[in-house]
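These notes concern the structure reproduced below.
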Amino acid sequence: MASDARVSRSLGGRIELCRDRLLIVRIRGAAGLCLAALATAAALRGSAVVARADAPAIDVARSQLTISVSKSGFFSAFADNHVIRAPIAQGALSAAAPLSVAITVRARDLQVLDPALAADKRREVQTRMLGPEVLDVDTYPQITFISTAVESVGADRWRVEGNLSLHGTTKRVSLDAALSQGAYRGSVHIRQRDFGITPISIAGGTVKVKDEVVVEFVIVPGAA
C-alpha cells in the first residue's frame, strides 16, 4: 500500500507537471495520455481562434501574392530568374481580437510572368512548375496558410506565426506584416526542400534554381 501511494504521488506529480508546464521529456503510461490530451485540447483551442466564423473575407481581386525564384550555379548568368503570380482563391482576415488570417491558393492558378522570356519558353517553365517535378498540382491542388498567433510589434506592424501547407507538407512559418495604404504588406522566405520539392537544375547542376524563394504579399481587407 505504501508503495502504491508513492507511485500514485509520483504519477500525480508528473501529471501536474504536464498540465502546468508541458515540459516533460519522457512520460510513460497515464502521464503520456495526459500530455496527448492536453496537446489535443490546445490544438482545438488554437483552431477555434484561427477559424473564426465571423472573420471578414479579404478582397481577393485586389490582394496578391508574388513569388520570386532566383537562379544559381556557375552558368547562372545565362539562365533566368522567375516571377510568379499566385492569385488568392479565398481568404479571411480578422483585425479584431483575436487577430487571425487564413488564405487559400489553387496551385494550378500560379502563373509565370517573366516578361523578358519568350512566350514558348515561358509556357515551358509554366508546365514544368505545375507538373510532378515541382508543385504536382494534380496531387496537391491547394496551398494554404492559417495563422496560429498574431502579435503586435509596433504601430500598424505585426508578427504573424502560422502553418503553411504546400506540396503535401505543413510547416510553421513566421512573417512580419505592416498596414500601409489600406493593405497588409510583407514578405516571407521559404525553402523548397522543406516542403519536399527538389529545386530544378539543368546542365549537370551548372544552372539551377535556388532552394530559397521569396513570397511577397499584399492583403486587402474586404468591404465592411
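Just remember, in the C-alpha cells the first chain shown is A, the second B, etc., residues are 1-based per chain, and ligands are 1-based in the order shown.
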
Residues within 10 Å of Tyr140 of chain A, please, as a PDB file with N, CA and C atoms, in the first residue's frame. Count only C-alpha atoms; anything in the same chain fewer than 3 positions from it doesn't count.
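Saved to result10.pdb:
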ATOM      1  N   ARG A 106      -5.218  28.181 -55.154  1.00  0.00           N
ATOM      2  CA  ARG A 106      -5.275  26.994 -56.011  1.00  0.00           C
ATOM      3  C   ARG A 106      -3.948  26.885 -56.756  1.00  0.00           C
ATOM      4  N   ALA A 107      -3.224  25.813 -56.508  1.00  0.00           N
ATOM      5  CA  ALA A 107      -1.876  25.682 -57.071  1.00  0.00           C
ATOM      6  C   ALA A 107      -1.876  25.804 -58.596  1.00  0.00           C
ATOM      7  N   ARG A 108      -2.923  25.321 -59.228  1.00  0.00           N
ATOM      8  CA  ARG A 108      -2.993  25.369 -60.687  1.00  0.00           C
ATOM      9  C   ARG A 108      -3.093  26.796 -61.215  1.00  0.00           C
ATOM     10  N   PRO A 132       4.785  17.292 -62.100  1.00  0.00           N
ATOM     11  CA  PRO A 132       5.233  16.474 -60.962  1.00  0.00           C
ATOM     12  C   PRO A 132       6.627  16.804 -60.457  1.00  0.00           C
ATOM     13  N   LEU A 135       5.419  21.477 -58.328  1.00  0.00           N
ATOM     14  CA  LEU A 135       4.231  21.589 -57.481  1.00  0.00           C
ATOM     15  C   LEU A 135       3.335  20.350 -57.523  1.00  0.00           C
ATOM     16  N   ASP A 136       3.332  19.638 -58.630  1.00  0.00           N
ATOM     17  CA  ASP A 136       2.492  18.440 -58.767  1.00  0.00           C
ATOM     18  C   ASP A 136       1.044  18.776 -58.396  1.00  0.00           C
ATOM     19  N   VAL A 137       0.465  19.691 -59.158  1.00  0.00           N
ATOM     20  CA  VAL A 137      -0.845  20.240 -58.791  1.00  0.00           C
ATOM     21  C   VAL A 137      -1.972  19.213 -58.864  1.00  0.00           C
ATOM     22  N   ILE A 143      -2.762  25.308 -51.815  1.00  0.00           N
ATOM     23  CA  ILE A 143      -1.741  25.854 -50.926  1.00  0.00           C
ATOM     24  C   ILE A 143      -2.477  26.710 -49.902  1.00  0.00           C
ATOM     25  N   SER A 165       0.814  25.090 -45.678  1.00  0.00           N
ATOM     26  CA  SER A 165       0.680  23.751 -46.258  1.00  0.00           C
ATOM     27  C   SER A 165       0.926  23.842 -47.756  1.00  0.00           C
ATOM     28  N   LEU A 166       1.947  23.117 -48.212  1.00  0.00           N
ATOM     29  CA  LEU A 166       2.377  23.173 -49.606  1.00  0.00           C
ATOM     30  C   LEU A 166       2.931  21.812 -50.002  1.00  0.00           C
ATOM     31  N   HIS A 167       2.495  21.304 -51.151  1.00  0.00           N
ATOM     32  CA  HIS A 167       3.050  20.059 -51.693  1.00  0.00           C
ATOM     33  C   HIS A 167       2.900  18.903 -50.693  1.00  0.00           C
ATOM     34  N   GLY A 168       1.790  18.898 -49.971  1.00  0.00           N
ATOM     35  CA  GLY A 168       1.511  17.813 -49.047  1.00  0.00           C
ATOM     36  C   GLY A 168       2.242  17.876 -47.728  1.00  0.00           C
ATOM     37  N   THR A 169       2.934  18.984 -47.461  1.00  0.00           N
ATOM     38  CA  THR A 169       3.689  19.139 -46.224  1.00  0.00           C
ATOM     39  C   THR A 169       3.264  20.429 -45.533  1.00  0.00           C
TER      40      THR A 169
END

Could you pull out the residues in segment 45-174 of chain A that DSSP calls alpha helix (DSSP H) from the backbone, as a compact mmCIF listing (two decimals) with N, CA and C atoms, in the first residue's frame?
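This went into selection_16.txt:
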# COMPACT_ATOMS: atom_id res chain seq x y z
N ARG A 45 -8.20 24.54 -29.15
CA ARG A 45 -8.35 25.95 -28.81
C ARG A 45 -7.73 26.83 -29.87
N GLY A 46 -6.55 26.44 -30.39
CA GLY A 46 -5.90 27.23 -31.43
C GLY A 46 -6.74 27.27 -32.69
N SER A 47 -7.31 26.11 -33.07
CA SER A 47 -8.14 26.06 -34.26
C SER A 47 -9.36 26.94 -34.11
N ALA A 48 -9.94 26.96 -32.92
CA ALA A 48 -11.12 27.78 -32.69
C ALA A 48 -10.80 29.25 -32.86
N VAL A 49 -9.60 29.66 -32.43
CA VAL A 49 -9.20 31.05 -32.56
C VAL A 49 -8.98 31.40 -34.02
N VAL A 50 -8.31 30.50 -34.77
CA VAL A 50 -7.96 30.78 -36.15
C VAL A 50 -9.18 30.76 -37.06
N ALA A 119 7.61 33.68 -75.31
CA ALA A 119 6.34 33.06 -74.94
C ALA A 119 6.44 31.54 -74.85
N ASP A 120 7.16 30.91 -75.81
CA ASP A 120 7.25 29.45 -75.79
C ASP A 120 8.07 28.97 -74.59
N LYS A 121 9.12 29.71 -74.23
CA LYS A 121 9.93 29.36 -73.07
C LYS A 121 9.15 29.58 -71.78
N ARG A 122 8.33 30.62 -71.76
CA ARG A 122 7.51 30.89 -70.58
C ARG A 122 6.50 29.77 -70.37
N ARG A 123 5.91 29.29 -71.45
CA ARG A 123 4.96 28.17 -71.35
C ARG A 123 5.67 26.91 -70.85
N GLU A 124 6.90 26.73 -71.28
CA GLU A 124 7.67 25.56 -70.83
C GLU A 124 7.94 25.62 -69.32
N VAL A 125 8.31 26.82 -68.84
CA VAL A 125 8.54 27.00 -67.41
C VAL A 125 7.25 26.77 -66.64
N GLN A 126 6.14 27.29 -67.18
CA GLN A 126 4.84 27.13 -66.54
C GLN A 126 4.46 25.65 -66.41
N THR A 127 4.62 24.91 -67.50
CA THR A 127 4.27 23.49 -67.49
C THR A 127 5.12 22.72 -66.50
N ARG A 128 6.41 23.04 -66.48
CA ARG A 128 7.31 22.32 -65.57
C ARG A 128 6.99 22.66 -64.11
N MET A 129 6.64 23.92 -63.83
CA MET A 129 6.33 24.33 -62.47
C MET A 129 5.09 23.60 -61.94
N LEU A 130 4.06 23.46 -62.78
CA LEU A 130 2.82 22.84 -62.32
C LEU A 130 2.90 21.31 -62.31

Gly154 of chain A: which residues within 12 Å, counting only C-alpha atoms, same-chain residues fewer than 6 positions away excluded, as a PDB file with N, CA and C atoms, in the first residue's frame?
ATOM      1  N   ASP A 176       6.525  38.992 -40.969  1.00  0.00           N
ATOM      2  CA  ASP A 176       6.176  40.329 -40.485  1.00  0.00           C
ATOM      3  C   ASP A 176       5.235  40.987 -41.479  1.00  0.00           C
ATOM      4  N   ALA A 177       4.236  41.670 -40.958  1.00  0.00           N
ATOM      5  CA  ALA A 177       3.269  42.371 -41.799  1.00  0.00           C
ATOM      6  C   ALA A 177       3.109  43.797 -41.300  1.00  0.00           C
ATOM      7  N   ALA A 178       2.848  44.704 -42.232  1.00  0.00           N
ATOM      8  CA  ALA A 178       2.638  46.108 -41.884  1.00  0.00           C
ATOM      9  C   ALA A 178       1.429  46.630 -42.656  1.00  0.00           C
ATOM     10  N   LEU A 179       0.657  47.476 -42.016  1.00  0.00           N
ATOM     11  CA  LEU A 179      -0.501  48.086 -42.662  1.00  0.00           C
ATOM     12  C   LEU A 179      -0.066  49.365 -43.349  1.00  0.00           C
TER      13      LEU A 179
END

> Can you tell me, as a ChimeraX atom specification, what residues are no more than 8 Å from Thr198 of chain A when counting only C-alpha atoms, ignoring any on the same chain fewer than 4 positions away?
Replying inline: /A:133-134,192-193,211

> Contacts of Gln64 of chain A at 7 Å or less, counting only C-alpha atoms, minus same-chain residues fewer than 2 places along, as a ChimeraX atom specification?
Replying inline: /A:62,66,86-88,217-219

>> To one decimal place in Å, what is the distance between atom CA of Val101 of chain A and atom CA of Ile146 of chain A?
In response: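 Calculated distance between atom CA of Val101 of chain A and atom CA of Ile146 of chain A is 6.2 Å.
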
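Taking only C-alpha atoms into account, Ser100 of chain A lies nearest to A:Ile58 out of the set A:Ile58, A:Ile197, A:Val209, A:Val83.
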
> atom CA of Gln90 of chain A to atom CA of Lys210 of chain A: how many Å, to one decimal?
Replying inline: 28.9 Å
